[in-house]
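The next block is structure-v5.cif, given as mmCIF, C-alpha atoms and all ligand atoms; chains and numbers go by the auth columns.
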```
data_start
loop_
_atom_site.group_PDB
_atom_site.id
_atom_site.type_symbol
_atom_site.label_atom_id
_atom_site.label_comp_id
_atom_site.label_asym_id
_atom_site.label_seq_id
_atom_site.Cartn_x
_atom_site.Cartn_y
_atom_site.Cartn_z
_atom_site.B_iso_or_equiv
_atom_site.auth_seq_id
_atom_site.auth_asym_id
ATOM 1 C CA MET A 1 -20.359 -7.722 21.069 0.00 1 A
ATOM 2 C CA ARG A 2 -17.079 -9.324 20.164 0.00 2 A
ATOM 3 C CA ARG A 3 -14.481 -7.172 18.547 0.00 3 A
ATOM 4 C CA ALA A 4 -14.427 -9.321 15.419 0.00 4 A
ATOM 5 C CA ALA A 5 -18.150 -8.868 14.968 0.00 5 A
ATOM 6 C CA TRP A 6 -17.800 -5.115 15.381 0.00 6 A
ATOM 7 C CA THR A 7 -15.038 -5.066 12.832 0.00 7 A
ATOM 8 C CA CYS A 8 -17.135 -7.014 10.361 0.00 8 A
ATOM 9 C CA ALA A 9 -20.110 -4.734 10.828 0.00 9 A
ATOM 10 C CA LEU A 10 -17.942 -1.659 10.374 0.00 10 A
ATOM 11 C CA LEU A 11 -16.268 -3.082 7.315 0.00 11 A
ATOM 12 C CA ALA A 12 -19.572 -3.980 5.750 0.00 12 A
ATOM 13 C CA LEU A 13 -20.905 -0.494 6.376 0.00 13 A
ATOM 14 C CA LEU A 14 -17.822 1.222 5.001 0.00 14 A
ATOM 15 C CA ALA A 15 -17.623 -1.114 2.059 0.00 15 A
ATOM 16 C CA LEU A 16 -21.206 -0.388 1.111 0.00 16 A
ATOM 17 C CA GLN A 17 -20.332 3.276 0.888 0.00 17 A
ATOM 18 C CA ALA A 18 -17.001 2.568 -0.627 0.00 18 A
ATOM 19 C CA CYS A 19 -17.735 1.345 -4.096 0.00 19 A
ATOM 20 C CA GLU A 20 -20.604 0.569 -6.340 0.00 20 A
ATOM 21 C CA ARG A 21 -20.572 -2.551 -8.371 0.00 21 A
ATOM 22 C CA GLU A 22 -17.732 -2.429 -10.843 0.00 22 A
ATOM 23 C CA PRO A 23 -18.766 -4.297 -13.986 0.00 23 A
ATOM 24 C CA VAL A 24 -15.367 -3.597 -15.408 0.00 24 A
ATOM 25 C CA ARG A 25 -15.120 -6.550 -17.684 0.00 25 A
ATOM 26 C CA THR A 26 -18.158 -5.382 -19.641 0.00 26 A
ATOM 27 C CA ALA A 27 -18.461 -1.661 -19.052 0.00 27 A
ATOM 28 C CA VAL A 28 -14.988 -0.790 -20.227 0.00 28 A
ATOM 29 C CA VAL A 29 -15.227 -2.393 -23.627 0.00 29 A
ATOM 30 C CA SER A 30 -18.174 -0.429 -24.953 0.00 30 A
ATOM 31 C CA GLY A 31 -15.878 1.851 -26.924 0.00 31 A
ATOM 32 C CA PRO A 32 -13.423 4.712 -26.668 0.00 32 A
ATOM 33 C CA ASN A 33 -16.184 7.217 -25.894 0.00 33 A
ATOM 34 C CA ALA A 34 -16.963 5.434 -22.662 0.00 34 A
ATOM 35 C CA LEU A 35 -13.508 6.115 -21.297 0.00 35 A
ATOM 36 C CA PRO A 36 -12.203 9.245 -19.589 0.00 36 A
ATOM 37 C CA ALA A 37 -9.842 11.500 -21.495 0.00 37 A
ATOM 38 C CA THR A 38 -6.988 10.562 -19.185 0.00 38 A
ATOM 39 C CA VAL A 39 -6.898 6.932 -20.250 0.00 39 A
ATOM 40 C CA PRO A 40 -3.529 5.942 -21.716 0.00 40 A
ATOM 41 C CA THR A 41 -3.556 5.263 -25.429 0.00 41 A
ATOM 42 C CA ALA A 42 -2.955 1.579 -24.934 0.00 42 A
ATOM 43 C CA ALA A 43 -6.098 1.276 -22.856 0.00 43 A
ATOM 44 C CA VAL A 44 -8.339 2.949 -25.416 0.00 44 A
ATOM 45 C CA GLN A 45 -7.991 0.221 -27.978 0.00 45 A
ATOM 46 C CA ALA A 46 -11.338 -1.482 -27.665 0.00 46 A
ATOM 47 C CA PRO A 47 -10.931 -5.243 -27.528 0.00 47 A
ATOM 48 C CA PRO A 48 -12.813 -7.272 -30.110 0.00 48 A
ATOM 49 C CA VAL A 49 -16.513 -7.534 -29.403 0.00 49 A
ATOM 50 C CA PRO A 50 -17.121 -10.942 -27.843 0.00 50 A
ATOM 51 C CA PRO A 51 -19.828 -13.103 -29.411 0.00 51 A
ATOM 52 C CA ALA A 52 -22.967 -13.279 -27.329 0.00 52 A
ATOM 53 C CA GLY A 53 -23.077 -16.090 -24.808 0.00 53 A
ATOM 54 C CA ALA A 54 -19.467 -17.071 -25.384 0.00 54 A
ATOM 55 C CA GLN A 55 -18.240 -16.909 -21.793 0.00 55 A
ATOM 56 C CA ALA A 56 -16.222 -19.807 -20.456 0.00 56 A
ATOM 57 C CA PRO A 57 -17.347 -22.341 -23.062 0.00 57 A
ATOM 58 C CA ASP A 58 -14.931 -24.909 -21.731 0.00 58 A
ATOM 59 C CA ALA A 59 -16.042 -24.673 -18.144 0.00 59 A
ATOM 60 C CA PRO A 60 -18.234 -27.788 -17.941 0.00 60 A
ATOM 61 C CA ALA A 61 -15.773 -29.938 -19.898 0.00 61 A
ATOM 62 C CA ALA A 62 -12.909 -29.141 -17.542 0.00 62 A
ATOM 63 C CA MET A 63 -14.312 -31.200 -14.680 0.00 63 A
ATOM 64 C CA PRO A 64 -12.896 -34.725 -14.693 0.00 64 A
ATOM 65 C CA PRO A 65 -15.487 -37.461 -15.094 0.00 65 A
ATOM 66 C CA ALA A 66 -16.222 -39.516 -12.013 0.00 66 A
ATOM 67 C CA PRO A 67 -14.726 -42.995 -12.184 0.00 67 A
ATOM 68 C CA MET A 68 -17.032 -45.946 -12.627 0.00 68 A
ATOM 69 C CA ALA A 69 -17.634 -47.910 -9.462 0.00 69 A
ATOM 70 C CA ALA A 70 -16.393 -51.485 -9.549 0.00 70 A
ATOM 71 C CA PRO A 71 -19.080 -54.118 -9.052 0.00 71 A
ATOM 72 C CA GLY A 72 -19.836 -54.661 -5.408 0.00 72 A
ATOM 73 C CA GLN A 73 -18.117 -51.451 -4.336 0.00 73 A
ATOM 74 C CA PRO A 74 -19.697 -48.137 -3.433 0.00 74 A
ATOM 75 C CA ALA A 75 -19.467 -45.351 -6.014 0.00 75 A
ATOM 76 C CA VAL A 76 -16.508 -43.061 -5.485 0.00 76 A
ATOM 77 C CA ILE A 77 -16.960 -39.304 -5.573 0.00 77 A
ATOM 78 C CA ALA A 78 -13.648 -38.012 -6.836 0.00 78 A
ATOM 79 C CA GLN A 79 -14.205 -34.472 -8.115 0.00 79 A
ATOM 80 C CA ALA A 80 -12.637 -32.584 -5.228 0.00 80 A
ATOM 81 C CA PRO A 81 -10.601 -33.194 -2.103 0.00 81 A
ATOM 82 C CA PRO A 82 -12.566 -33.299 1.155 0.00 82 A
ATOM 83 C CA MET A 83 -13.393 -29.786 2.338 0.00 83 A
ATOM 84 C CA ALA A 84 -15.693 -28.180 4.860 0.00 84 A
ATOM 85 C CA ALA A 85 -19.221 -28.066 3.531 0.00 85 A
ATOM 86 C CA ASP A 86 -19.333 -24.277 3.380 0.00 86 A
ATOM 87 C CA ALA A 87 -16.097 -24.158 1.396 0.00 87 A
ATOM 88 C CA ALA A 88 -16.897 -26.804 -1.202 0.00 88 A
ATOM 89 C CA PRO A 89 -16.143 -25.503 -4.699 0.00 89 A
ATOM 90 C CA ALA A 90 -19.410 -25.050 -6.568 0.00 90 A
ATOM 91 C CA THR A 91 -18.036 -24.295 -10.001 0.00 91 A
ATOM 92 C CA ASP A 92 -15.017 -24.931 -12.159 0.00 92 A
ATOM 93 C CA GLY A 93 -13.701 -21.469 -11.269 0.00 93 A
ATOM 94 C CA ASP A 94 -14.127 -22.122 -7.566 0.00 94 A
ATOM 95 C CA ALA A 95 -12.219 -25.386 -7.894 0.00 95 A
ATOM 96 C CA LEU A 96 -9.392 -23.765 -9.856 0.00 96 A
ATOM 97 C CA LEU A 97 -9.058 -20.995 -7.303 0.00 97 A
ATOM 98 C CA ALA A 98 -9.186 -23.455 -4.421 0.00 98 A
ATOM 99 C CA ALA A 99 -6.166 -25.191 -5.947 0.00 99 A
ATOM 100 C CA ARG A 100 -4.115 -21.977 -5.883 0.00 100 A
ATOM 101 C CA SER A 101 -2.187 -20.876 -2.827 0.00 101 A
ATOM 102 C CA LEU A 102 -2.805 -17.144 -2.672 0.00 102 A
ATOM 103 C CA LEU A 103 -0.972 -14.472 -0.765 0.00 103 A
ATOM 104 C CA LEU A 104 -3.047 -11.747 0.848 0.00 104 A
ATOM 105 C CA PRO A 105 -3.008 -8.794 -1.561 0.00 105 A
ATOM 106 C CA VAL A 106 -2.737 -5.980 1.005 0.00 106 A
ATOM 107 C CA GLN A 107 0.454 -5.794 3.026 0.00 107 A
ATOM 108 C CA GLY A 108 -0.050 -6.144 6.769 0.00 108 A
ATOM 109 C CA MET A 109 -3.686 -7.197 6.568 0.00 109 A
ATOM 110 C CA VAL A 110 -5.067 -9.884 8.855 0.00 110 A
ATOM 111 C CA ALA A 111 -8.078 -12.167 8.851 0.00 111 A
ATOM 112 C CA GLY A 112 -10.160 -9.497 10.589 0.00 112 A
ATOM 113 C CA ASP A 113 -9.722 -7.217 7.570 0.00 113 A
ATOM 114 C CA LEU A 114 -11.632 -9.711 5.421 0.00 114 A
ATOM 115 C CA SER A 115 -15.361 -9.621 4.959 0.00 115 A
ATOM 116 C CA ASP A 116 -17.306 -11.609 2.381 0.00 116 A
ATOM 117 C CA THR A 117 -18.843 -8.760 0.385 0.00 117 A
ATOM 118 C CA TYR A 118 -18.929 -10.800 -2.822 0.00 118 A
ATOM 119 C CA GLY A 119 -22.696 -11.243 -2.932 0.00 119 A
ATOM 120 C CA GLN A 120 -23.656 -7.772 -1.763 0.00 120 A
ATOM 121 C CA GLY A 121 -26.011 -5.824 -3.976 0.00 121 A
ATOM 122 C CA ARG A 122 -24.429 -2.723 -5.440 0.00 122 A
ATOM 123 C CA GLY A 123 -26.417 -0.350 -7.590 0.00 123 A
ATOM 124 C CA GLY A 124 -28.678 -3.076 -8.940 0.00 124 A
ATOM 125 C CA GLY A 125 -26.031 -5.757 -9.449 0.00 125 A
ATOM 126 C CA ALA A 126 -23.947 -8.065 -7.336 0.00 126 A
ATOM 127 C CA HIS A 127 -20.577 -6.842 -6.107 0.00 127 A
ATOM 128 C CA GLU A 128 -18.699 -9.969 -7.239 0.00 128 A
ATOM 129 C CA ALA A 129 -15.488 -8.887 -5.530 0.00 129 A
ATOM 130 C CA ILE A 130 -13.956 -8.419 -2.100 0.00 130 A
ATOM 131 C CA ASP A 131 -13.213 -4.957 -0.712 0.00 131 A
ATOM 132 C CA ILE A 132 -10.249 -4.710 1.636 0.00 132 A
ATOM 133 C CA LEU A 133 -10.128 -1.428 3.517 0.00 133 A
ATOM 134 C CA ALA A 134 -6.645 -0.104 4.231 0.00 134 A
ATOM 135 C CA ALA A 135 -4.805 3.165 4.616 0.00 135 A
ATOM 136 C CA ARG A 136 -4.072 5.004 1.395 0.00 136 A
ATOM 137 C CA GLY A 137 -0.622 4.069 0.154 0.00 137 A
ATOM 138 C CA THR A 138 -0.552 0.600 1.719 0.00 138 A
ATOM 139 C CA PRO A 139 1.407 -1.719 -0.610 0.00 139 A
ATOM 140 C CA VAL A 140 -0.659 -4.031 -2.846 0.00 140 A
ATOM 141 C CA LEU A 141 1.029 -7.360 -3.582 0.00 141 A
ATOM 142 C CA ALA A 142 0.546 -9.941 -6.317 0.00 142 A
ATOM 143 C CA VAL A 143 -1.508 -12.806 -4.875 0.00 143 A
ATOM 144 C CA ASP A 144 0.006 -15.404 -7.202 0.00 144 A
ATOM 145 C CA ASP A 145 2.633 -15.940 -9.872 0.00 145 A
ATOM 146 C CA GLY A 146 1.543 -15.085 -13.398 0.00 146 A
ATOM 147 C CA THR A 147 1.611 -12.602 -16.214 0.00 147 A
ATOM 148 C CA LEU A 148 0.629 -8.982 -15.756 0.00 148 A
ATOM 149 C CA VAL A 149 -1.650 -8.720 -18.776 0.00 149 A
ATOM 150 C CA LYS A 150 -3.193 -5.283 -18.493 0.00 150 A
ATOM 151 C CA LEU A 151 -2.786 -1.928 -16.789 0.00 151 A
ATOM 152 C CA PHE A 152 -6.143 -0.303 -17.301 0.00 152 A
ATOM 153 C CA THR A 153 -7.917 2.864 -16.260 0.00 153 A
ATOM 154 C CA SER A 154 -11.707 2.616 -16.044 0.00 154 A
ATOM 155 C CA VAL A 155 -14.478 4.838 -14.742 0.00 155 A
ATOM 156 C CA PRO A 156 -15.606 2.466 -11.954 0.00 156 A
ATOM 157 C CA GLY A 157 -12.281 0.801 -11.144 0.00 157 A
ATOM 158 C CA GLY A 158 -9.929 3.756 -11.513 0.00 158 A
ATOM 159 C CA LEU A 159 -6.348 2.552 -11.805 0.00 159 A
ATOM 160 C CA THR A 160 -6.591 -1.201 -12.228 0.00 160 A
ATOM 161 C CA LEU A 161 -4.379 -4.166 -12.961 0.00 161 A
ATOM 162 C CA TYR A 162 -5.185 -7.572 -14.441 0.00 162 A
ATOM 163 C CA GLN A 163 -2.935 -10.550 -13.749 0.00 163 A
ATOM 164 C CA PHE A 164 -3.342 -14.108 -15.026 0.00 164 A
ATOM 165 C CA ASP A 165 -2.567 -17.184 -12.976 0.00 165 A
ATOM 166 C CA PRO A 166 0.286 -19.435 -14.195 0.00 166 A
ATOM 167 C CA GLN A 167 -2.119 -21.576 -16.264 0.00 167 A
ATOM 168 C CA ASN A 168 -3.913 -18.566 -17.810 0.00 168 A
ATOM 169 C CA LYS A 169 -7.226 -19.843 -16.492 0.00 169 A
ATOM 170 C CA LEU A 170 -7.920 -17.253 -13.815 0.00 170 A
ATOM 171 C CA ALA A 171 -7.593 -13.476 -13.929 0.00 171 A
ATOM 172 C CA TYR A 172 -6.856 -11.528 -10.752 0.00 172 A
ATOM 173 C CA TYR A 173 -8.183 -7.991 -10.795 0.00 173 A
ATOM 174 C CA TYR A 174 -6.928 -5.209 -8.521 0.00 174 A
ATOM 175 C CA ALA A 175 -8.819 -1.884 -8.584 0.00 175 A
ATOM 176 C CA HIS A 176 -8.936 1.636 -7.075 0.00 176 A
ATOM 177 C CA LEU A 177 -5.129 1.743 -6.905 0.00 177 A
ATOM 178 C CA ASP A 178 -3.644 5.057 -5.838 0.00 178 A
ATOM 179 C CA ARG A 179 -0.714 4.420 -8.168 0.00 179 A
ATOM 180 C CA TYR A 180 1.182 1.560 -9.740 0.00 180 A
ATOM 181 C CA ALA A 181 4.487 0.211 -8.525 0.00 181 A
ATOM 182 C CA PRO A 182 7.378 1.667 -10.532 0.00 182 A
ATOM 183 C CA GLY A 183 8.528 -0.363 -13.504 0.00 183 A
ATOM 184 C CA LEU A 184 5.354 -2.365 -14.156 0.00 184 A
ATOM 185 C CA LYS A 185 4.929 -3.400 -17.783 0.00 185 A
ATOM 186 C CA GLU A 186 2.217 -5.352 -19.518 0.00 186 A
ATOM 187 C CA GLY A 187 3.482 -8.822 -20.367 0.00 187 A
ATOM 188 C CA MET A 188 5.913 -9.045 -17.488 0.00 188 A
ATOM 189 C CA LEU A 189 5.902 -12.086 -15.238 0.00 189 A
ATOM 190 C CA LEU A 190 4.896 -11.336 -11.666 0.00 190 A
ATOM 191 C CA LYS A 191 5.939 -13.462 -8.752 0.00 191 A
ATOM 192 C CA ARG A 192 3.671 -13.992 -5.787 0.00 192 A
ATOM 193 C CA GLY A 193 4.342 -11.152 -3.345 0.00 193 A
ATOM 194 C CA ASP A 194 5.660 -8.677 -5.921 0.00 194 A
ATOM 195 C CA LEU A 195 4.660 -5.081 -5.259 0.00 195 A
ATOM 196 C CA VAL A 196 2.144 -4.032 -7.917 0.00 196 A
ATOM 197 C CA GLY A 197 0.778 -0.772 -6.523 0.00 197 A
ATOM 198 C CA TYR A 198 -0.714 1.050 -3.577 0.00 198 A
ATOM 199 C CA VAL A 199 -4.184 1.157 -2.025 0.00 199 A
ATOM 200 C CA GLY A 200 -6.207 4.178 -3.083 0.00 200 A
ATOM 201 C CA SER A 201 -9.667 5.407 -4.022 0.00 201 A
ATOM 202 C CA THR A 202 -9.449 6.001 -7.764 0.00 202 A
ATOM 203 C CA GLY A 203 -12.564 5.278 -9.802 0.00 203 A
ATOM 204 C CA ASN A 204 -15.869 5.183 -7.929 0.00 204 A
ATOM 205 C CA ALA A 205 -14.438 4.477 -4.468 0.00 205 A
ATOM 206 C CA ALA A 206 -15.295 7.001 -1.774 0.00 206 A
ATOM 207 C CA ALA A 207 -12.330 9.294 -1.129 0.00 207 A
ATOM 208 C CA ASN A 208 -12.629 8.743 2.624 0.00 208 A
ATOM 209 C CA ALA A 209 -12.620 4.937 2.347 0.00 209 A
ATOM 210 C CA PRO A 210 -9.570 3.887 0.347 0.00 210 A
ATOM 211 C CA HIS A 211 -9.627 0.164 -0.291 0.00 211 A
ATOM 212 C CA LEU A 212 -8.524 -2.561 -2.642 0.00 212 A
ATOM 213 C CA HIS A 213 -11.332 -3.998 -4.753 0.00 213 A
ATOM 214 C CA PHE A 214 -10.107 -7.503 -5.538 0.00 214 A
ATOM 215 C CA ALA A 215 -11.872 -9.831 -7.957 0.00 215 A
ATOM 216 C CA VAL A 216 -11.151 -13.138 -9.681 0.00 216 A
ATOM 217 C CA PHE A 217 -12.516 -14.236 -13.039 0.00 217 A
ATOM 218 C CA ARG A 218 -12.546 -17.658 -14.648 0.00 218 A
ATOM 219 C CA MET A 219 -11.550 -17.166 -18.255 0.00 219 A
ATOM 220 C CA GLY A 220 -12.650 -19.127 -21.267 0.00 220 A
ATOM 221 C CA ALA A 221 -10.633 -21.274 -23.646 0.00 221 A
ATOM 222 C CA GLN A 222 -9.129 -18.105 -25.125 0.00 222 A
ATOM 223 C CA PRO A 223 -7.887 -16.181 -22.074 0.00 223 A
ATOM 224 C CA GLN A 224 -9.011 -12.583 -22.485 0.00 224 A
ATOM 225 C CA TRP A 225 -8.575 -10.224 -19.579 0.00 225 A
ATOM 226 C CA TRP A 226 -11.795 -8.319 -20.272 0.00 226 A
ATOM 227 C CA LYS A 227 -14.002 -11.398 -20.366 0.00 227 A
ATOM 228 C CA GLY A 228 -14.648 -13.948 -17.672 0.00 228 A
ATOM 229 C CA THR A 229 -16.981 -15.474 -15.135 0.00 229 A
ATOM 230 C CA PRO A 230 -16.681 -14.043 -11.609 0.00 230 A
ATOM 231 C CA VAL A 231 -15.385 -16.320 -8.871 0.00 231 A
ATOM 232 C CA ASN A 232 -15.726 -15.488 -5.174 0.00 232 A
ATOM 233 C CA PRO A 233 -12.175 -14.819 -3.880 0.00 233 A
ATOM 234 C CA TYR A 234 -13.259 -14.926 -0.239 0.00 234 A
ATOM 235 C CA PRO A 235 -12.597 -18.609 0.543 0.00 235 A
ATOM 236 C CA ALA A 236 -9.096 -18.444 -0.962 0.00 236 A
ATOM 237 C CA LEU A 237 -8.271 -15.197 0.839 0.00 237 A
ATOM 238 C CA ARG A 238 -9.663 -16.540 4.067 0.00 238 A
ATOM 239 C CA ARG A 239 -7.408 -19.589 3.745 0.00 239 A
ATOM 240 C CA ALA A 240 -4.439 -17.312 3.057 0.00 240 A
ATOM 241 C CA ALA A 241 -5.256 -15.278 6.153 0.00 241 A
ATOM 242 C CA ASP A 242 -5.481 -18.390 8.289 0.00 242 A
ATOM 243 C CA LEU A 243 -2.106 -19.649 7.011 0.00 243 A
ATOM 244 C CA GLN A 244 -0.302 -16.326 7.209 0.00 244 A
ATOM 245 C CA PRO A 245 0.378 -16.272 10.985 0.00 245 A
ATOM 246 C CA LEU A 246 1.981 -19.710 10.659 0.00 246 A
ATOM 247 C CA LEU A 247 4.231 -18.543 7.816 0.00 247 A
ATOM 248 C CA ASN A 248 5.324 -15.441 9.693 0.00 248 A
ATOM 249 C CA ARG A 249 6.613 -17.361 12.711 0.00 249 A
HETATM 250 ZN ZN ZN B . -15.588 -3.202 -4.450 0.00 301 A
#
```

Output the file's structure in the form of structure tokens.
Ligand SMILES: [Zn+2]
Amino acid sequence: MRRAAWTCALLALLALQACEREPVRTAVVSGPNALPATVPTAAVQAPPVPPAGAQAPDAPAAMPPAPMAAPGQPAVIAQAPPMAADAAPATDGDALLAARSLLLPVQGMVAGDLSDTYGQGRGGGAHEAIDILAARGTPVLAVDDGTLVKLFTSVPGGLTLYQFDPQNKLAYYYAHLDRYAPGLKEGMLLKRGDLVGYVGSTGNAAANAPHLHFAVFRMGAQPQWWKGTPVNPYPALRRAADLQPLLNR
């Protein structure tokens, strides 16, 4: 068996043990009683209860309409640039993420450290995130420019951080951090590559499998860090991994 295949199999096995599904964007807003006593005061303020069915109301409208074909000419499909069939954006969130140029969020990681665990079943739900196994204390870096909107402690995610993209359409979510980088403040602007914290196993991650749980959410018209539609980060991370060796030359 090729080494890459072994690595993938090992990663998948470890990741399965590593963390249950982390429905952070819903579980953490059920009220102060749902949070551990160690949560900072700022995190205990329960956000307003979202109206039912209000997620991403602007999502369908954000796609540009296809141009009309001129008489005698074939119709033009203009929604997205040409991509490999398996990487074609399926949703508005996928398209937005595909337009971003992400940095890999764990320092020193390579393509072989990536495994598409987004669709894995975890405790009855889908994982909807990518787990990146790394040694405890490995630096975690901002994948994009954008505002650090929330430092949050949750039962499943442990020490977590939410960052918006520069257009406030996507939220990047980093979980299970061992600790934050010094000097982080909510509202500060992060630059791609800024140190935000260190890999750990806080929350429901297994202590013997520290990893970064990384997720992306497409937000609605009112960007709210606790509310969004999950987007698979794997294609964007995979692209970043493929580009990284070129950048490091
Ligand atoms: Zn995870």

Could you give me, as a list in words, every polymer residue with an atom at most 6 Å away from an atom of ligand ZN 301 (chain A), counting all atoms listed in the file?
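Selection of residues at most 6 Å from ligand ZN 301 (chain A): Cys19, Ala129, Ile130, Asp131 and His213 of chain A.
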
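For the file at hand, the PyMOL selection byres (((chain A and resi 199) around 10) and not hetatm) resolves to Val106, Gln107, Ile132, Leu133, Ala134, Ala135, Arg136, Gly137, Thr138, Pro139, Val140, Tyr174, Ala175, His176, Leu177, Asp178, Arg179, Tyr180, Gly197, Tyr198, Gly200, Ser201, Thr202, Pro210, His211, Leu212 and His213 of chain A.
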
Translate the PyMOL selection byres (((chain A and resi 226-236) around 7) and not hetatm), as applied to the file shown, into an explicit residue set as a ChimeraX atom specification.
/A:25,55-56,87,93-94,97-98,102,116,118,128-130,215-220,224-225,237-240

Go through A:Leu243, A:Leu189, A:Met109, A:Ala206 and flag the residue nearest A:Gly157, using all atoms listed in the file for the distances.
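Among the listed residues, the smallest separation from A:Gly157 belongs to A:Ala206.
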
I want to know what sits within 9 Å of A:Phe164, based on only C-alpha atoms, with residues of the same chain fewer than 3 positions away left out; could you give that as a ChimeraX atom specification?
/A:144-149,167-173,223,225

Report, in Å with one decimal, the straight-line distance from atom CA of A:Leu195 to atom CA of A:Ala241.
18.2 Å

Edge lengths and centre, in Å to one decimal, as AutoDock Vina command-line options: that's what I need for the box along x, y and z that holds all listed atoms of stretch 226-236 of chain A plus 5 Å on each side.
```
--center_x -13.0 --center_y -13.5 --center_z -9.9 --size_x 17.9 --size_y 20.3 --size_z 30.9
```

Of the candidates A:Leu114, A:Asn204, A:Leu104, A:Lys185, which one gets nearest to A:Tyr162 if we count all atoms listed in the file?
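Of A:Leu114, A:Asn204, A:Leu104, A:Lys185, the one nearest A:Tyr162, counting all atoms listed in the file, is A:Lys185.
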
Any idea what the distance is between atom CA of A:Gln163 and atom CA of A:Gly123?
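Distance between the two atoms: 26.3 Å.
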
Just how far from atom CA of A:Leu184 is atom CA of A:Leu141, in Å to one decimal?
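Those two atoms sit 12.5 Å apart.
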
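Here the question is which of A:Gly112, A:Gly158, A:Pro166, A:Gly124 gets nearest to A:Arg100 using all atoms listed in the file, and that residue is A:Pro166.
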
Which residue out of A:Lys150, A:Ala221, A:Val143, A:Pro156 has the minimum interatomic distance to A:Leu103 when all atoms listed in the file are used?
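For A:Leu103, the nearest of the given residues is A:Val143.
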